[in-house]
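One file, start28.cif, is given below (mmCIF, C-alpha atoms and all ligand atoms).
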```
data_final
#
loop_
_atom_site.group_PDB
_atom_site.id
_atom_site.type_symbol
_atom_site.label_atom_id
_atom_site.label_comp_id
_atom_site.auth_asym_id
_atom_site.auth_seq_id
_atom_site.Cartn_x
_atom_site.Cartn_y
_atom_site.Cartn_z
ATOM 1 C CA MET A 1 6.823 15.593 9.814
ATOM 2 C CA ASP A 2 6.289 14.650 13.453
ATOM 3 C CA ILE A 3 3.591 12.019 13.149
ATOM 4 C CA SER A 4 2.661 11.903 16.803
ATOM 5 C CA GLY A 5 -1.154 11.963 16.877
ATOM 6 C CA VAL A 6 -1.372 12.375 13.089
ATOM 7 C CA PRO A 7 -4.277 10.423 11.525
ATOM 8 C CA VAL A 8 -3.113 7.767 9.038
ATOM 9 C CA LEU A 9 -5.105 5.399 6.842
ATOM 10 C CA VAL A 10 -3.442 2.131 5.756
ATOM 11 C CA THR A 11 -5.303 0.032 3.203
ATOM 12 C CA GLY A 12 -4.958 -3.733 3.599
ATOM 13 C CA GLY A 13 -3.499 -3.059 7.040
ATOM 14 C CA GLY A 14 -4.640 -6.218 8.820
ATOM 15 C CA LYS A 15 -1.826 -8.528 7.811
ATOM 16 C CA ARG A 16 1.514 -9.031 6.064
ATOM 17 C CA ILE A 17 3.191 -5.838 4.727
ATOM 18 C CA GLY A 18 0.262 -3.576 5.616
ATOM 19 C CA LYS A 19 0.306 -4.855 9.195
ATOM 20 C CA ALA A 20 4.049 -4.168 9.576
ATOM 21 C CA CYS A 21 3.449 -0.611 8.363
ATOM 22 C CA VAL A 22 0.544 -0.140 10.793
ATOM 23 C CA GLU A 23 2.754 -1.343 13.657
ATOM 24 C CA ALA A 24 5.643 0.956 12.703
ATOM 25 C CA LEU A 25 3.273 3.916 12.416
ATOM 26 C CA ALA A 26 1.682 3.132 15.781
ATOM 27 C CA GLN A 27 5.154 2.856 17.341
ATOM 28 C CA SER A 28 5.813 6.361 15.987
ATOM 29 C CA HIS A 29 2.627 7.425 17.854
ATOM 30 C CA ALA A 30 0.472 8.045 14.771
ATOM 31 C CA SER A 31 -3.291 7.500 15.115
ATOM 32 C CA VAL A 32 -3.791 4.621 12.723
ATOM 33 C CA VAL A 33 -6.960 3.638 10.898
ATOM 34 C CA ILE A 34 -6.588 0.054 9.708
ATOM 35 C CA HIS A 35 -8.516 -0.643 6.526
ATOM 36 C CA TYR A 36 -9.391 -4.268 5.824
ATOM 37 C CA GLY A 37 -11.412 -6.156 3.256
ATOM 38 C CA SER A 38 -12.025 -9.663 4.578
ATOM 39 C CA SER A 39 -9.422 -9.932 7.367
ATOM 40 C CA LYS A 40 -11.650 -8.622 10.163
ATOM 41 C CA LYS A 41 -10.183 -10.911 12.843
ATOM 42 C CA GLU A 42 -6.590 -9.932 11.980
ATOM 43 C CA ALA A 43 -7.502 -6.230 11.965
ATOM 44 C CA GLU A 44 -9.270 -6.548 15.335
ATOM 45 C CA PHE A 45 -6.303 -8.406 16.805
ATOM 46 C CA LEU A 46 -3.910 -5.698 15.630
ATOM 47 C CA LEU A 47 -6.170 -2.903 16.844
ATOM 48 C CA THR A 48 -6.419 -4.477 20.318
ATOM 49 C CA LYS A 49 -2.641 -4.952 20.482
ATOM 50 C CA ILE A 50 -1.970 -1.302 19.566
ATOM 51 C CA ARG A 51 -4.501 -0.031 22.111
ATOM 52 C CA LYS A 52 -3.052 -2.288 24.844
ATOM 53 C CA GLU A 53 0.365 -0.792 24.141
ATOM 54 C CA GLY A 54 -1.079 2.705 24.622
ATOM 55 C CA GLY A 55 -1.447 3.571 20.936
ATOM 56 C CA LYS A 56 -4.434 4.936 19.032
ATOM 57 C CA ALA A 57 -6.082 2.784 16.387
ATOM 58 C CA ALA A 58 -9.410 2.247 14.667
ATOM 59 C CA MET A 59 -10.571 0.067 11.804
ATOM 60 C CA VAL A 60 -12.708 0.450 8.708
ATOM 61 C CA GLN A 61 -13.965 -2.161 6.261
ATOM 62 C CA GLY A 62 -14.389 -1.684 2.527
ATOM 63 C CA ASP A 63 -14.278 -3.699 -0.675
ATOM 64 C CA LEU A 64 -11.724 -2.054 -2.942
ATOM 65 C CA ALA A 65 -13.025 -4.016 -5.929
ATOM 66 C CA ASN A 66 -16.179 -1.912 -5.846
ATOM 67 C CA PRO A 67 -15.456 1.721 -6.845
ATOM 68 C CA ASP A 68 -18.825 2.829 -5.376
ATOM 69 C CA GLU A 69 -17.765 1.515 -1.966
ATOM 70 C CA VAL A 70 -14.236 2.983 -2.010
ATOM 71 C CA GLY A 71 -15.486 6.568 -1.912
ATOM 72 C CA SER A 72 -16.867 6.227 1.621
ATOM 73 C CA ILE A 73 -13.727 4.652 3.166
ATOM 74 C CA MET A 74 -11.874 7.961 3.533
ATOM 75 C CA GLN A 75 -14.940 9.670 5.000
ATOM 76 C CA GLN A 76 -15.387 6.864 7.545
ATOM 77 C CA ALA A 77 -11.676 6.927 8.405
ATOM 78 C CA GLY A 78 -11.794 10.669 9.090
ATOM 79 C CA GLN A 79 -14.479 10.214 11.745
ATOM 80 C CA PHE A 80 -12.100 8.564 14.226
ATOM 81 C CA PHE A 81 -9.211 11.004 14.677
ATOM 82 C CA GLY A 82 -10.051 13.868 12.287
ATOM 83 C CA PRO A 83 -9.036 14.375 8.653
ATOM 84 C CA VAL A 84 -6.550 11.780 7.434
ATOM 85 C CA GLN A 85 -3.116 13.352 6.878
ATOM 86 C CA ILE A 86 -1.207 10.307 5.661
ATOM 87 C CA LEU A 87 -2.570 7.764 3.184
ATOM 88 C CA LEU A 88 -0.741 4.485 2.610
ATOM 89 C CA ASN A 89 -2.140 2.501 -0.314
ATOM 90 C CA SER A 90 -0.840 -0.997 0.384
ATOM 91 C CA ALA A 91 -3.782 -3.281 -0.467
ATOM 92 C CA ALA A 92 -3.560 -5.139 -3.758
ATOM 93 C CA ILE A 93 -4.172 -8.447 -5.448
ATOM 94 C CA PHE A 94 -1.512 -10.399 -7.331
ATOM 95 C CA LYS A 95 -2.814 -13.149 -9.584
ATOM 96 C CA PRO A 96 -0.976 -14.781 -12.457
ATOM 97 C CA GLY A 97 -2.115 -14.395 -16.043
ATOM 98 C CA LEU A 98 -0.586 -14.189 -19.493
ATOM 99 C CA PHE A 99 -1.729 -11.685 -22.107
ATOM 100 C CA LYS A 100 -3.324 -14.479 -24.133
ATOM 101 C CA ASN A 101 -5.422 -15.970 -21.326
ATOM 102 C CA THR A 102 -6.324 -13.009 -19.088
ATOM 103 C CA ASP A 103 -10.056 -12.444 -19.282
ATOM 104 C CA LEU A 104 -11.880 -9.188 -18.637
ATOM 105 C CA THR A 105 -12.954 -10.272 -15.158
ATOM 106 C CA GLN A 106 -9.319 -10.713 -14.033
ATOM 107 C CA TRP A 107 -8.346 -7.523 -15.852
ATOM 108 C CA HIS A 108 -11.029 -5.363 -14.197
ATOM 109 C CA GLU A 109 -10.413 -6.954 -10.783
ATOM 110 C CA HIS A 110 -6.722 -5.937 -10.852
ATOM 111 C CA LEU A 111 -7.380 -2.508 -12.312
ATOM 112 C CA ASN A 112 -10.154 -1.786 -9.770
ATOM 113 C CA ILE A 113 -8.275 -2.917 -6.649
ATOM 114 C CA ASN A 114 -4.692 -1.968 -7.558
ATOM 115 C CA LEU A 115 -5.269 1.266 -9.487
ATOM 116 C CA THR A 116 -8.810 2.683 -9.370
ATOM 117 C CA ALA A 117 -9.152 2.277 -5.591
ATOM 118 C CA PRO A 118 -5.895 4.182 -4.839
ATOM 119 C CA PHE A 119 -6.979 6.840 -7.370
ATOM 120 C CA ILE A 120 -10.329 7.349 -5.628
ATOM 121 C CA LEU A 121 -8.714 7.326 -2.173
ATOM 122 C CA MET A 122 -6.143 9.906 -3.283
ATOM 123 C CA GLN A 123 -8.893 12.181 -4.592
ATOM 124 C CA GLU A 124 -10.946 11.749 -1.413
ATOM 125 C CA PHE A 125 -7.820 12.320 0.674
ATOM 126 C CA ALA A 126 -7.120 15.655 -1.041
ATOM 127 C CA ALA A 127 -10.780 16.691 -0.752
ATOM 128 C CA GLN A 128 -11.009 16.092 3.021
ATOM 129 C CA LEU A 129 -7.633 17.597 3.957
ATOM 130 C CA PRO A 130 -8.130 21.138 5.302
ATOM 131 C CA PRO A 131 -6.459 23.863 3.175
ATOM 132 C CA LYS A 132 -2.749 24.437 3.825
ATOM 133 C CA THR A 133 -2.401 21.231 5.810
ATOM 134 C CA PRO A 134 0.612 19.062 4.968
ATOM 135 C CA GLY A 135 -0.309 15.625 3.681
ATOM 136 C CA LYS A 136 1.565 12.532 2.528
ATOM 137 C CA ILE A 137 0.521 9.789 0.162
ATOM 138 C CA ILE A 138 2.591 6.636 -0.257
ATOM 139 C CA ASN A 139 1.647 4.081 -2.869
ATOM 140 C CA ILE A 140 3.072 0.584 -2.669
ATOM 141 C CA ILE A 141 3.955 -0.447 -6.180
ATOM 142 C CA ASP A 142 6.358 -3.241 -7.267
ATOM 143 C CA GLN A 143 9.879 -3.414 -8.657
ATOM 144 C CA ARG A 144 8.332 -5.283 -11.631
ATOM 145 C CA ILE A 145 7.323 -1.957 -13.184
ATOM 146 C CA LYS A 146 11.002 -1.452 -14.082
ATOM 147 C CA ARG A 147 11.347 -4.856 -15.740
ATOM 148 C CA PRO A 148 7.935 -5.978 -17.045
ATOM 149 C CA ARG A 149 7.911 -9.633 -18.023
ATOM 150 C CA PRO A 150 5.087 -12.004 -18.996
ATOM 151 C CA GLY A 151 3.235 -13.728 -16.183
ATOM 152 C CA HIS A 152 1.121 -11.160 -14.338
ATOM 153 C CA ILE A 153 -0.084 -8.813 -17.066
ATOM 154 C CA ALA A 154 -3.095 -7.300 -15.285
ATOM 155 C CA TYR A 155 -1.174 -6.837 -12.015
ATOM 156 C CA ASN A 156 1.858 -5.338 -13.727
ATOM 157 C CA THR A 157 -0.213 -2.978 -15.874
ATOM 158 C CA ALA A 158 -2.146 -1.741 -12.835
ATOM 159 C CA LYS A 159 1.055 -1.155 -10.828
ATOM 160 C CA SER A 160 2.676 0.688 -13.745
ATOM 161 C CA GLY A 161 -0.444 2.857 -13.877
ATOM 162 C CA LEU A 162 -0.128 3.522 -10.156
ATOM 163 C CA TRP A 163 3.445 4.724 -10.648
ATOM 164 C CA THR A 164 2.315 7.098 -13.423
ATOM 165 C CA LEU A 165 -0.529 8.288 -11.184
ATOM 166 C CA THR A 166 1.987 8.886 -8.357
ATOM 167 C CA GLN A 167 4.174 11.112 -10.522
ATOM 168 C CA ILE A 168 1.322 13.167 -11.977
ATOM 169 C CA ALA A 169 -0.451 13.540 -8.629
ATOM 170 C CA ALA A 170 2.846 14.634 -7.024
ATOM 171 C CA GLN A 171 2.856 17.616 -9.370
ATOM 172 C CA GLU A 172 -0.842 18.449 -9.126
ATOM 173 C CA MET A 173 -1.051 18.029 -5.354
ATOM 174 C CA ALA A 174 2.064 20.069 -4.551
ATOM 175 C CA PRO A 175 3.011 21.981 -2.502
ATOM 176 C CA TRP A 176 0.983 20.742 0.447
ATOM 177 C CA ILE A 177 0.733 17.065 -0.396
ATOM 178 C CA GLN A 178 3.779 14.899 -1.164
ATOM 179 C CA VAL A 179 3.131 11.757 -3.201
ATOM 180 C CA ASN A 180 5.731 8.984 -3.335
ATOM 181 C CA ALA A 181 6.000 5.273 -4.009
ATOM 182 C CA ILE A 182 7.751 2.214 -2.636
ATOM 183 C CA ALA A 183 8.593 -0.675 -4.935
ATOM 184 C CA PRO A 184 9.112 -3.908 -3.020
ATOM 185 C CA GLY A 185 10.866 -6.953 -4.373
ATOM 186 C CA PRO A 186 10.487 -10.437 -2.850
ATOM 187 C CA ILE A 187 9.240 -9.808 0.691
ATOM 188 C CA LEU A 188 6.613 -12.519 1.292
ATOM 189 C CA PRO A 189 5.395 -15.303 -0.988
ATOM 190 C CA ALA A 190 1.980 -14.661 -2.521
ATOM 191 C CA PRO A 191 -0.703 -16.876 -0.915
ATOM 192 C CA ASP A 192 -0.777 -19.218 -3.921
ATOM 193 C CA GLN A 193 2.990 -19.133 -4.608
ATOM 194 C CA PRO A 194 5.060 -22.200 -3.688
ATOM 195 C CA VAL A 195 7.650 -21.222 -1.066
ATOM 196 C CA ALA A 196 10.422 -22.885 -3.100
ATOM 197 C CA SER A 197 9.691 -20.687 -6.104
ATOM 198 C CA PHE A 198 9.637 -17.545 -3.903
ATOM 199 C CA GLU A 199 12.968 -18.515 -2.314
ATOM 200 C CA LYS A 200 14.498 -19.102 -5.732
ATOM 201 C CA VAL A 201 13.485 -15.596 -6.844
ATOM 202 C CA ALA A 202 14.814 -14.050 -3.620
ATOM 203 C CA LYS A 203 18.118 -15.943 -3.878
ATOM 204 C CA ALA A 204 18.599 -14.678 -7.427
ATOM 205 C CA THR A 205 18.517 -10.999 -6.366
ATOM 206 C CA PRO A 206 21.873 -9.216 -5.940
ATOM 207 C CA LEU A 207 21.413 -9.309 -2.153
ATOM 208 C CA GLY A 208 20.571 -13.014 -2.384
ATOM 209 C CA ARG A 209 17.709 -13.137 0.128
ATOM 210 C CA PRO A 210 14.143 -11.927 0.690
ATOM 211 C CA GLY A 211 13.445 -8.597 2.338
ATOM 212 C CA SER A 212 11.369 -8.290 5.503
ATOM 213 C CA THR A 213 8.043 -6.556 6.044
ATOM 214 C CA ASP A 214 9.924 -4.220 8.386
ATOM 215 C CA ASP A 215 12.170 -3.144 5.478
ATOM 216 C CA ILE A 216 9.025 -1.794 3.798
ATOM 217 C CA ALA A 217 7.684 -0.252 7.015
ATOM 218 C CA GLN A 218 10.987 1.585 7.573
ATOM 219 C CA ALA A 219 10.853 2.964 4.006
ATOM 220 C CA VAL A 220 7.341 4.256 4.780
ATOM 221 C CA ILE A 221 8.576 6.016 7.918
ATOM 222 C CA PHE A 222 11.524 7.461 5.968
ATOM 223 C CA LEU A 223 9.250 8.893 3.257
ATOM 224 C CA ILE A 224 6.891 10.374 5.834
ATOM 225 C CA LYS A 225 9.804 12.163 7.489
ATOM 226 C CA GLN A 226 11.112 13.483 4.139
ATOM 227 C CA GLU A 227 9.930 17.042 3.644
ATOM 228 C CA TYR A 228 11.580 17.697 0.263
ATOM 229 C CA THR A 229 10.829 14.557 -1.737
ATOM 230 C CA THR A 230 7.843 14.081 -4.022
ATOM 231 C CA GLY A 231 7.145 11.982 -7.133
ATOM 232 C CA GLU A 232 9.914 9.602 -6.069
ATOM 233 C CA ILE A 233 10.126 5.833 -5.886
ATOM 234 C CA ILE A 234 12.166 3.866 -3.361
ATOM 235 C CA ARG A 235 13.012 0.350 -4.417
ATOM 236 C CA VAL A 236 13.203 -2.060 -1.498
ATOM 237 C CA ASP A 237 13.988 -5.124 -3.550
ATOM 238 C CA GLY A 238 17.505 -6.383 -2.846
ATOM 239 C CA GLY A 239 18.538 -4.880 -6.191
ATOM 240 C CA GLU A 240 16.136 -7.064 -8.202
ATOM 241 C CA HIS A 241 15.230 -4.185 -10.547
ATOM 242 C CA LEU A 242 18.841 -4.097 -11.783
ATOM 243 C CA GLN A 243 18.647 -7.554 -13.318
HETATM 244 N N1 LIG A 301 4.593 -9.580 -0.872
HETATM 245 C C1 LIG A 301 5.584 -9.161 -1.637
HETATM 246 O O1 LIG A 301 6.696 -9.729 -1.621
HETATM 247 C C2 LIG A 301 5.375 -7.969 -2.528
HETATM 248 C C3 LIG A 301 6.249 -7.767 -3.612
HETATM 249 C C4 LIG A 301 6.059 -6.660 -4.423
HETATM 250 C C5 LIG A 301 5.022 -5.780 -4.181
HETATM 251 N N2 LIG A 301 4.198 -6.006 -3.135
HETATM 252 C C6 LIG A 301 3.101 -5.035 -2.899
HETATM 253 O O2 LIG A 301 3.095 -4.676 -1.525
HETATM 254 C C7 LIG A 301 1.742 -4.506 -1.069
HETATM 255 C C8 LIG A 301 1.480 -5.412 0.131
HETATM 256 O O3 LIG A 301 1.841 -6.738 -0.231
HETATM 257 P P1 LIG A 301 1.254 -8.004 0.544
HETATM 258 O O4 LIG A 301 1.938 -9.189 -0.018
HETATM 259 O O5 LIG A 301 1.260 -7.760 2.009
HETATM 260 O O6 LIG A 301 -0.237 -7.952 -0.007
HETATM 261 P P2 LIG A 301 -1.409 -9.030 0.114
HETATM 262 O O7 LIG A 301 -1.237 -9.802 1.369
HETATM 263 O O8 LIG A 301 -1.464 -9.804 -1.154
HETATM 264 O O9 LIG A 301 -2.681 -8.078 0.154
HETATM 265 C C9 LIG A 301 -2.747 -7.022 1.065
HETATM 266 C C10 LIG A 301 -4.162 -6.770 1.439
HETATM 267 O O10 LIG A 301 -4.914 -6.265 0.337
HETATM 268 C C11 LIG A 301 -6.253 -6.341 0.735
HETATM 269 N N3 LIG A 301 -7.180 -6.483 -0.376
HETATM 270 C C12 LIG A 301 -7.053 -7.232 -1.493
HETATM 271 N N4 LIG A 301 -8.198 -7.163 -2.224
HETATM 272 C C13 LIG A 301 -9.046 -6.347 -1.536
HETATM 273 C C14 LIG A 301 -10.375 -5.897 -1.749
HETATM 274 N N5 LIG A 301 -11.087 -6.260 -2.823
HETATM 275 N N6 LIG A 301 -10.937 -5.094 -0.827
HETATM 276 C C15 LIG A 301 -10.252 -4.728 0.276
HETATM 277 N N7 LIG A 301 -8.994 -5.118 0.547
HETATM 278 C C16 LIG A 301 -8.405 -5.920 -0.358
HETATM 279 C C17 LIG A 301 -6.378 -7.580 1.613
HETATM 280 O O11 LIG A 301 -7.073 -7.219 2.791
HETATM 281 P P3 LIG A 301 -8.011 -8.307 3.533
HETATM 282 O O12 LIG A 301 -7.107 -9.441 3.838
HETATM 283 O O13 LIG A 301 -8.507 -7.576 4.723
HETATM 284 O O14 LIG A 301 -9.095 -8.656 2.553
HETATM 285 C C18 LIG A 301 -4.941 -7.986 1.866
HETATM 286 O O15 LIG A 301 -4.688 -8.303 3.214
HETATM 287 C C19 LIG A 301 0.864 -4.789 -2.279
HETATM 288 O O16 LIG A 301 0.544 -3.587 -2.907
HETATM 289 C C20 LIG A 301 1.741 -5.652 -3.175
HETATM 290 O O17 LIG A 301 1.394 -5.557 -4.534
HETATM 291 C C21 LIG A 301 4.326 -7.076 -2.307
#
```
Translate this file's structure into structure tokens.
Ligand SMILES: NC(=O)c1ccc[n+]([C@@H]2O[C@H](COP(=O)([O-])OP(=O)(O)OC[C@H]3O[C@@H](n4cnc5c(N)ncnc54)[C@H](OP(=O)(O)O)[C@@H]3O)[C@@H](O)[C@H]2O)c1
Amino acid sequence: MDISGVPVLVTGGGKRIGKACVEALAQSHASVVIHYGSSKKEAEFLLTKIRKEGGKAAMVQGDLANPDEVGSIMQQAGQFFGPVQILLNSAAIFKPGLFKNTDLTQWHEHLNINLTAPFILMQEFAAQLPPKTPGKIINIIDQRIKRPRPGHIAYNTAKSGLWTLTQIAAQEMAPWIQVNAIAPGPILPAPDQPVASFEKVAKATPLGRPGSTDDIAQAVIFLIKQEYTTGEIIRVDGGEHLQ
């Protein structure tokens, strides 16, 4: 797919991995709608930068924890450059919790943001796409789905659900919409994760180092260009899933 001028929505696009994807998409001349939750300043900064460089960008706010609010994000996004043709679900939360001490608030928060919000956005995406128009959905998951271990039960369960959703949607949405996933490994430390612990995890991967946000962005561009791949997962994790 030539993405020049193609409308794209990136959730959580104001910073970190989402931002790198927005930048790569803008460099490929897509018209990018940056979704943000609380990072308004970062989203504005990115939007201004893209426009200064001659690109097309817009921004839309929405709380993904609130399913009633998620429904309108796609509709708002479509008002800038026309119906969204590429949806990148990158936004998520990642909070620790064992099975025995995860309460329902933490559980619902992870399920709502990491699974229900992408589900609603995927449905809204399909509904607004004109008939016989090619579309692409990419869901950012996590290599942890291959090797679930105690520590982040609500996060892991939601991401595993998102992988199942990806595979089923790929079948139901074919042939016009391709649905794929990217499973990152250690790219950036979580906001509350000590850097030393992140570096230890990254060093223990077969490639022995963390990945970069651009590694994820390049996987996104690759999947967008792929015309014959759907229901697939690309692991960008330094081989961590093999351990
Ligand atoms: N970082 C890694 O090494 C790593 C490893 C494996 C998988 N991943 C996955 O890769 C993706 C991106 O990772 P990341 O580390 O860049 O993510 P992140 O910084 O933890 O979060 C990305 C964005 O999600 C948005 N978000 C969270 N809760 C929201 C809510 N209630 N409403 C609206 N937006 C909300 C935030 O937007 P605002 O700031 O605007 O609120 C945030 O900037 C995620 O899906 C993550 O699970 C990352």
Open item on the list: Between atom CA of A:Gln85 and atom CA of A:Glu232, what is the distance in Å, rounded to a tenth?
Closed with: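 Answer for the atom CA of A:Gln85 to atom CA of A:Glu232 separation: 18.7 Å.
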TODO: Please give me, as number ranges by chain, the residues lying within 7 Å of ligand LIG 301 (chain A) when counting only C-alpha atoms and all ligand atoms.
DONE: A: 11-18, 36-40, 62-65, 90-94, 113, 140-143, 183-190
Task: Distance criterion (only C-alpha atoms): nearest to A:Gly71 out of A:Ala217, A:Val236, A:Ile120, A:Ala126 - done: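 With only C-alpha atoms as the atom set, the closest residue is A:Ile120.
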TODO: Evaluate the PyMOL selection byres (((chain A and resi 227) around 12) and not hetatm) on the structure here and hand back the selected residues as JSON, numbers by chain.
DONE: {"A": [1, 2, 134, 135, 136, 174, 175, 176, 177, 178, 179, 180, 221, 222, 223, 224, 225, 226, 228, 229, 230]}
Open item on the list: Let me make sure I understand: among A:Thr133, A:Ile182, A:Ile233, A:His108, which one has the smallest atom-to-atom distance to A:Gln167 if we use only C-alpha atoms?
Closed with: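 Nearest to A:Gln167: A:Ile233.
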Open item on the list: Running the PyMOL selection byres (((chain A and resi 83) around 7) and not hetatm) on this model by hand, what would come out? Give it as a ChimeraX atom specification.
Closed with: /A:7,78,81-82,84-85,128-129
Residues matched by the PyMOL selection byres (((chain A and resi 100) around 12) and not hetatm) as a CSV table (one decimal) with C-alpha atoms, keeping the file's coordinate frame:
```
chain,number,residue,atom,x,y,z
A,96,PRO,CA,-1.0,-14.8,-12.5
A,97,GLY,CA,-2.1,-14.4,-16.0
A,98,LEU,CA,-0.6,-14.2,-19.5
A,99,PHE,CA,-1.7,-11.7,-22.1
A,101,ASN,CA,-5.4,-16.0,-21.3
A,102,THR,CA,-6.3,-13.0,-19.1
A,103,ASP,CA,-10.1,-12.4,-19.3
A,104,LEU,CA,-11.9,-9.2,-18.6
A,107,TRP,CA,-8.3,-7.5,-15.9
A,150,PRO,CA,5.1,-12.0,-19.0
A,151,GLY,CA,3.2,-13.7,-16.2
A,152,HIS,CA,1.1,-11.2,-14.3
A,153,ILE,CA,-0.1,-8.8,-17.1
A,154,ALA,CA,-3.1,-7.3,-15.3
```
TODO: Kindly give the distance, in Å, that separates atom CA of A:Gly161 and atom CA of A:Gly238, rounded to a single decimal.
DONE: 23.0 Å
Open item on the list: Can you measure atom CA of A:Ala127 to atom CA of A:Ile73 for me? One decimal in Å is fine.
Closed with: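 So the two atoms, atom CA of A:Ala127 and atom CA of A:Ile73, lie 13.0 Å apart.
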Write out as a PDB file with C-alpha atoms, in the coordinates of the input which residues come within 10 Å of A:Ala58 when counting only C-alpha atoms, dropping same-chain ones fewer than 4 positions away.
```pdb
ATOM      1  CA  LEU A   9      -5.105   5.399   6.842  1.00  0.00           C
ATOM      2  CA  SER A  31      -3.291   7.500  15.115  1.00  0.00           C
ATOM      3  CA  VAL A  32      -3.791   4.621  12.723  1.00  0.00           C
ATOM      4  CA  VAL A  33      -6.960   3.638  10.898  1.00  0.00           C
ATOM      5  CA  ILE A  34      -6.588   0.054   9.708  1.00  0.00           C
ATOM      6  CA  HIS A  35      -8.516  -0.643   6.526  1.00  0.00           C
ATOM      7  CA  ALA A  43      -7.502  -6.230  11.965  1.00  0.00           C
ATOM      8  CA  GLU A  44      -9.270  -6.548  15.335  1.00  0.00           C
ATOM      9  CA  LEU A  46      -3.910  -5.698  15.630  1.00  0.00           C
ATOM     10  CA  LEU A  47      -6.170  -2.903  16.844  1.00  0.00           C
ATOM     11  CA  THR A  48      -6.419  -4.477  20.318  1.00  0.00           C
ATOM     12  CA  ILE A  50      -1.970  -1.302  19.566  1.00  0.00           C
ATOM     13  CA  ARG A  51      -4.501  -0.031  22.111  1.00  0.00           C
ATOM     14  CA  ALA A  77     -11.676   6.927   8.405  1.00  0.00           C
ATOM     15  CA  GLN A  79     -14.479  10.214  11.745  1.00  0.00           C
ATOM     16  CA  PHE A  80     -12.100   8.564  14.226  1.00  0.00           C
ATOM     17  CA  PHE A  81      -9.211  11.004  14.677  1.00  0.00           C
TER      18      PHE A  81
END
```
Open item on the list: Taking all atoms listed in the file into account, name the residue in A:Pro131, A:Lys19, A:Val8, A:Leu88 that is nearest to A:Lys56.
Closed with: A:Val8
Task: For A:Val220, the nearest of the candidates A:Val70, A:Ala158, A:Ala20, A:Ile145, counting only C-alpha atoms - done: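 Looking only at the distances to A:Val220, the closest residue turns out to be A:Ala20.
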Open item on the list: With distances taken over all atoms listed in the file, which residue among A:Phe119, A:Phe198, A:Tyr155, A:Phe45 lies nearest A:Met59?
Closed with: A:Phe45
- [ ] Compute the distance from (0.6, 10.6, 17.6) to each atom, counting only C-alpha atoms, keep the residues with any atom at most 8 Å away, and return them as JSON, numbers by chain; use the coordinates of the file.
- [x] {"A": [3, 4, 5, 6, 7, 26, 28, 29, 30, 31, 56]}
Just-selected residues, C-alpha atoms written as a CSV table (one decimal), in the frame of the given file:
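What ended up in out23.csv:
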```csv
chain,number,residue,atom,x,y,z
A,3,ILE,CA,3.6,12.0,13.1
A,4,SER,CA,2.7,11.9,16.8
A,5,GLY,CA,-1.2,12.0,16.9
A,6,VAL,CA,-1.4,12.4,13.1
A,7,PRO,CA,-4.3,10.4,11.5
A,26,ALA,CA,1.7,3.1,15.8
A,28,SER,CA,5.8,6.4,16.0
A,29,HIS,CA,2.6,7.4,17.9
A,30,ALA,CA,0.5,8.0,14.8
A,31,SER,CA,-3.3,7.5,15.1
A,56,LYS,CA,-4.4,4.9,19.0
```
TODO: Tell me, as a PyMOL selection string, which residues lie within 8 Å of A:His241, counting only C-alpha atoms; anything in the same chain fewer than 6 positions away does not count.
DONE: chain A and resi 143-144+146-147+235
Task: For A:Thr166, the nearest of the candidates A:Val195, A:Asn139, A:Thr213, A:Gln76, counting only C-alpha atoms - done: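 The answer is A:Asn139, which sits nearest to A:Thr166.
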